[in-house]
Each structure stands twice: as C-alpha cells, then as structure tokens.
$ cat my_file_24.cif   # mmCIF, N, CA, C and O atoms
data_upload
#
loop_
_atom_site.label_atom_id
_atom_site.label_comp_id
_atom_site.auth_asym_id
_atom_site.auth_seq_id
_atom_site.Cartn_x
_atom_site.Cartn_y
_atom_site.Cartn_z
N MET D 166 101.27 113.00 119.79
CA MET D 166 100.64 112.36 118.68
C MET D 166 99.88 111.13 119.19
O MET D 166 100.39 110.33 119.95
N ILE D 167 98.66 111.00 118.77
CA ILE D 167 97.83 109.86 119.15
C ILE D 167 98.03 108.75 118.12
O ILE D 167 97.92 108.98 116.92
N LYS D 168 98.35 107.57 118.62
CA LYS D 168 98.58 106.43 117.74
C LYS D 168 97.25 105.75 117.43
O LYS D 168 96.37 105.67 118.27
N THR D 169 97.16 105.25 116.22
CA THR D 169 95.98 104.47 115.85
C THR D 169 96.12 103.07 116.44
O THR D 169 97.21 102.66 116.85
N GLN D 170 95.04 102.34 116.47
CA GLN D 170 95.10 100.96 116.97
C GLN D 170 96.05 100.11 116.14
O GLN D 170 96.77 99.27 116.68
N ARG D 171 96.07 100.35 114.84
CA ARG D 171 96.95 99.59 113.96
C ARG D 171 98.41 99.83 114.31
O ARG D 171 99.21 98.89 114.41
N VAL D 172 98.78 101.09 114.54
CA VAL D 172 100.16 101.41 114.90
C VAL D 172 100.49 100.83 116.28
O VAL D 172 101.60 100.32 116.50
N ASP D 173 99.53 100.89 117.20
CA ASP D 173 99.75 100.29 118.52
C ASP D 173 100.01 98.79 118.40
O ASP D 173 100.88 98.24 119.07
N LYS D 174 99.26 98.10 117.54
CA LYS D 174 99.45 96.67 117.34
C LYS D 174 100.82 96.38 116.75
O LYS D 174 101.50 95.44 117.16
N ILE D 175 101.22 97.18 115.78
CA ILE D 175 102.55 97.00 115.15
C ILE D 175 103.64 97.18 116.19
O ILE D 175 104.57 96.36 116.28
N ASP D 176 103.54 98.23 116.99
CA ASP D 176 104.54 98.48 118.04
C ASP D 176 104.58 97.34 119.05
O ASP D 176 105.65 96.90 119.46
N LEU D 177 103.40 96.86 119.44
CA LEU D 177 103.32 95.77 120.41
C LEU D 177 103.95 94.49 119.85
O LEU D 177 104.73 93.81 120.53
N LEU D 178 103.64 94.17 118.59
CA LEU D 178 104.23 92.98 117.98
C LEU D 178 105.75 93.08 117.90
O LEU D 178 106.46 92.11 118.17
N ASN D 179 106.25 94.26 117.56
CA ASN D 179 107.70 94.45 117.48
C ASN D 179 108.34 94.36 118.87
O ASN D 179 109.43 93.78 119.03
N GLU D 180 107.69 94.91 119.88
CA GLU D 180 108.21 94.82 121.25
C GLU D 180 108.23 93.37 121.72
O GLU D 180 109.20 92.92 122.34
N LEU D 181 107.15 92.63 121.44
CA LEU D 181 107.09 91.23 121.81
C LEU D 181 108.17 90.43 121.09
O LEU D 181 108.82 89.56 121.70
N ALA D 182 108.38 90.71 119.82
CA ALA D 182 109.41 90.01 119.06
C ALA D 182 110.79 90.26 119.66
O ALA D 182 111.59 89.32 119.83
N ASP D 183 111.07 91.49 120.02
CA ASP D 183 112.36 91.82 120.62
C ASP D 183 112.52 91.14 121.98
O ASP D 183 113.61 90.66 122.32
N GLU D 184 111.43 91.09 122.75
CA GLU D 184 111.48 90.44 124.06
C GLU D 184 111.72 88.94 123.90
O GLU D 184 112.53 88.35 124.61
N VAL D 185 111.03 88.32 122.97
CA VAL D 185 111.23 86.89 122.70
C VAL D 185 112.67 86.64 122.29
O VAL D 185 113.33 85.72 122.80
N TYR D 186 113.19 87.45 121.38
CA TYR D 186 114.55 87.23 120.88
C TYR D 186 115.60 87.44 121.96
O TYR D 186 116.66 86.82 121.92
N SER D 187 115.30 88.27 122.95
CA SER D 187 116.27 88.52 124.02
C SER D 187 116.51 87.28 124.88
O SER D 187 117.48 87.23 125.63
N HIS D 188 115.65 86.28 124.76
CA HIS D 188 115.80 85.05 125.54
C HIS D 188 116.58 83.98 124.79
O HIS D 188 116.66 82.83 125.23
N HIS D 189 117.17 84.36 123.67
CA HIS D 189 118.02 83.47 122.88
C HIS D 189 119.21 83.06 123.75
O HIS D 189 119.83 83.90 124.39
N GLU D 190 119.52 81.78 123.78
CA GLU D 190 120.59 81.25 124.62
C GLU D 190 121.88 81.07 123.85
O GLU D 190 121.85 80.71 122.67
N SER D 191 123.00 81.28 124.51
CA SER D 191 124.29 81.01 123.90
C SER D 191 124.52 79.50 123.92
O SER D 191 124.25 78.83 124.91
N VAL D 192 125.01 79.00 122.81
CA VAL D 192 125.24 77.57 122.71
C VAL D 192 126.43 77.32 121.80
O VAL D 192 126.69 78.07 120.88
N ASP D 193 127.16 76.26 122.10
CA ASP D 193 128.29 75.86 121.27
C ASP D 193 127.72 75.18 120.02
O ASP D 193 127.08 74.13 120.11
N LEU D 194 127.93 75.80 118.86
CA LEU D 194 127.37 75.26 117.63
C LEU D 194 127.84 73.85 117.32
O LEU D 194 127.14 73.08 116.68
N TYR D 195 129.01 73.52 117.78
CA TYR D 195 129.56 72.18 117.52
C TYR D 195 129.54 71.31 118.77
O TYR D 195 130.19 70.28 118.82
N GLY D 196 128.77 71.75 119.75
CA GLY D 196 128.70 71.00 121.01
C GLY D 196 128.00 69.67 120.83
O GLY D 196 127.12 69.51 120.00
N VAL D 197 128.42 68.73 121.62
CA VAL D 197 127.85 67.39 121.53
C VAL D 197 127.11 67.01 122.82
O VAL D 197 126.56 65.92 122.90
N ARG D 198 127.12 67.89 123.77
CA ARG D 198 126.44 67.59 125.03
C ARG D 198 124.92 67.66 124.83
O ARG D 198 124.43 68.34 123.94
N ASN D 199 124.19 66.94 125.65
CA ASN D 199 122.74 66.97 125.59
C ASN D 199 122.22 68.38 125.83
O ASN D 199 121.23 68.79 125.22
N GLU D 200 122.88 69.11 126.71
CA GLU D 200 122.46 70.49 127.00
C GLU D 200 122.57 71.37 125.76
O GLU D 200 121.69 72.19 125.51
N ASP D 201 123.63 71.21 124.99
CA ASP D 201 123.78 71.99 123.76
C ASP D 201 122.66 71.70 122.77
O ASP D 201 122.12 72.60 122.14
N ALA D 202 122.32 70.43 122.64
CA ALA D 202 121.24 70.04 121.74
C ALA D 202 119.91 70.60 122.24
O ALA D 202 119.09 71.10 121.45
N TYR D 203 119.69 70.55 123.53
CA TYR D 203 118.46 71.08 124.13
C TYR D 203 118.35 72.58 123.90
O TYR D 203 117.31 73.08 123.46
N LEU D 204 119.44 73.31 124.17
CA LEU D 204 119.43 74.75 123.98
C LEU D 204 119.29 75.12 122.51
O LEU D 204 118.64 76.10 122.16
N SER D 205 119.86 74.33 121.65
CA SER D 205 119.73 74.58 120.22
C SER D 205 118.27 74.47 119.79
O SER D 205 117.77 75.27 119.00
N GLY D 206 117.56 73.48 120.33
CA GLY D 206 116.14 73.34 120.04
C GLY D 206 115.32 74.50 120.57
O GLY D 206 114.40 74.99 119.91
N ILE D 207 115.66 74.96 121.76
CA ILE D 207 114.98 76.13 122.33
C ILE D 207 115.22 77.35 121.45
O ILE D 207 114.29 78.10 121.15
N ASN D 208 116.45 77.54 121.03
CA ASN D 208 116.78 78.68 120.18
C ASN D 208 116.02 78.64 118.86
O ASN D 208 115.59 79.67 118.34
N GLU D 209 115.84 77.44 118.32
CA GLU D 209 115.09 77.31 117.08
C GLU D 209 113.63 77.75 117.29
O GLU D 209 113.06 78.45 116.46
N GLY D 210 113.05 77.36 118.40
CA GLY D 210 111.69 77.78 118.72
C GLY D 210 111.59 79.27 118.92
O GLY D 210 110.64 79.92 118.48
N ILE D 211 112.59 79.84 119.58
CA ILE D 211 112.62 81.29 119.79
C ILE D 211 112.71 82.01 118.46
O ILE D 211 112.01 83.01 118.23
N GLN D 212 113.55 81.53 117.57
CA GLN D 212 113.70 82.16 116.26
C GLN D 212 112.41 82.07 115.45
O GLN D 212 112.03 83.02 114.77
N ARG D 213 111.71 80.95 115.55
CA ARG D 213 110.43 80.82 114.85
C ARG D 213 109.40 81.80 115.39
O ARG D 213 108.68 82.44 114.62
N ALA D 214 109.32 81.89 116.72
CA ALA D 214 108.37 82.82 117.34
C ALA D 214 108.70 84.26 116.95
O ALA D 214 107.80 85.06 116.62
N TYR D 215 109.99 84.59 116.97
CA TYR D 215 110.43 85.93 116.58
C TYR D 215 110.03 86.23 115.15
O TYR D 215 109.47 87.29 114.84
N ARG D 216 110.27 85.30 114.25
CA ARG D 216 109.95 85.50 112.84
C ARG D 216 108.44 85.65 112.62
O ARG D 216 108.00 86.49 111.82
N ILE D 217 107.65 84.86 113.32
CA ILE D 217 106.19 84.96 113.20
C ILE D 217 105.72 86.34 113.65
O ILE D 217 104.90 86.98 112.97
N LEU D 218 106.22 86.81 114.78
CA LEU D 218 105.81 88.13 115.28
C LEU D 218 106.24 89.24 114.33
O LEU D 218 105.46 90.16 114.05
N LYS D 219 107.45 89.15 113.82
CA LYS D 219 107.93 90.17 112.88
C LYS D 219 107.13 90.14 111.58
O LYS D 219 106.82 91.19 111.02
N ASP D 220 106.79 88.94 111.11
CA ASP D 220 105.98 88.83 109.89
C ASP D 220 104.59 89.44 110.08
O ASP D 220 104.08 90.12 109.19
N LYS D 221 103.99 89.20 111.23
CA LYS D 221 102.66 89.77 111.51
C LYS D 221 102.74 91.30 111.58
O LYS D 221 101.87 92.00 111.07
N ALA D 222 103.80 91.82 112.19
CA ALA D 222 103.98 93.27 112.25
C ALA D 222 104.14 93.83 110.85
O ALA D 222 103.56 94.87 110.51
N TYR D 223 104.91 93.14 110.01
CA TYR D 223 105.13 93.58 108.63
C TYR D 223 103.81 93.57 107.85
O TYR D 223 103.52 94.49 107.09
N GLU D 224 103.02 92.50 108.04
CA GLU D 224 101.72 92.42 107.36
C GLU D 224 100.83 93.61 107.74
O GLU D 224 100.16 94.18 106.87
N LEU D 225 100.83 93.96 109.01
CA LEU D 225 100.02 95.11 109.45
C LEU D 225 100.55 96.42 108.87
O LEU D 225 99.77 97.30 108.51
N GLU D 226 101.88 96.54 108.80
CA GLU D 226 102.47 97.76 108.22
C GLU D 226 102.08 97.91 106.76
O GLU D 226 101.84 99.02 106.29
N GLU D 227 102.06 96.80 106.04
CA GLU D 227 101.78 96.84 104.61
C GLU D 227 100.30 96.93 104.28
O GLU D 227 99.95 97.34 103.19
N SER D 228 99.45 96.52 105.22
CA SER D 228 98.02 96.57 104.93
C SER D 228 97.52 98.01 105.03
O SER D 228 98.05 98.82 105.80
N HIS D 229 96.55 98.31 104.23
CA HIS D 229 95.98 99.65 104.25
C HIS D 229 94.61 99.59 104.89
O HIS D 229 93.80 98.76 104.49
N PRO D 230 94.36 100.46 105.87
CA PRO D 230 93.07 100.41 106.58
C PRO D 230 91.89 100.74 105.68
O PRO D 230 91.95 101.28 104.66
#

$ encode --input "my_file_24.cif" --output "structure tokens"
Amino acid sequence: MIKTQRVDKIDLLNELADEVYSHHESVDLYGVRNEDAYLSGINEGIQRAYRILKDKAYELEESHP
C-alpha cells in the first residue's frame, strides 16, 4: 500500500513524539536535590514537546484533504 504524504507526516509526527517521550528521565517526585529539580524541568519540557507533536498528528488526522 502506498501512503499519502499526509499519512507519512502523521506517522513521522507520532514516531518523533514516541522518540521524544523515550528520553523522559526517572526522578524522585519528592526529591529536594538540585538534580531532581533539574530533571523535573527537563521532563516538563519533554512532555510539552510530546504533547505538541501528538496534537499536530491529531490535527492532520482530523483534517480532510
């Protein structure tokens, strides 16, 4: 089956989102060390990037060519 450019874009966005999310770091939620705070900030950025990519993929899925 030949994929359309739209489907290719959706697949790429979903793959990128999954790749971004895979870099989520483990952190102690109640940690007080500077490293925990630093990692928590990184995780927040990763979650935002993941959500943006997933939202764009969803927008493409819902749009009609």

$ residues_around --input "my_file_24.cif" --residues "D:Asp220" --least-positions-apart "5" --cutoff "12 Å" --atoms "only C-alpha atoms" --output "ChimeraX atom specification"
/D:175,178-179,182,213-215,225-227

$ select_by_dssp --input "my_file_24.cif" --residues "chain D" --states "helix (DSSP H, G or I)" --output "VMD selection string"
chain D and resid 170 to 186 199 to 227

$ atom_distance --input "my_file_24.cif" --atom1 "atom CA of D:His188" --atom2 "atom N of D:Asp201"
15.9 Å

$ atom_distance --input "my_file_24.cif" --atom1 "atom O of D:Ala222" --atom2 "atom O of D:Glu190"
26.1 Å

$ atom_distance --input "my_file_24.cif" --atom1 "atom CA of D:Thr169" --atom2 "atom CA of D:Ser228"
13.6 Å

$ resolve_selection --input "my_file_24.cif" --expression "the PyMOL selection byres (((chain D and resi 191 and name CA) around 10) and name CA)" --output "PyMOL selection string"
chain D and resi 188-190+192-194+201+204-205+208
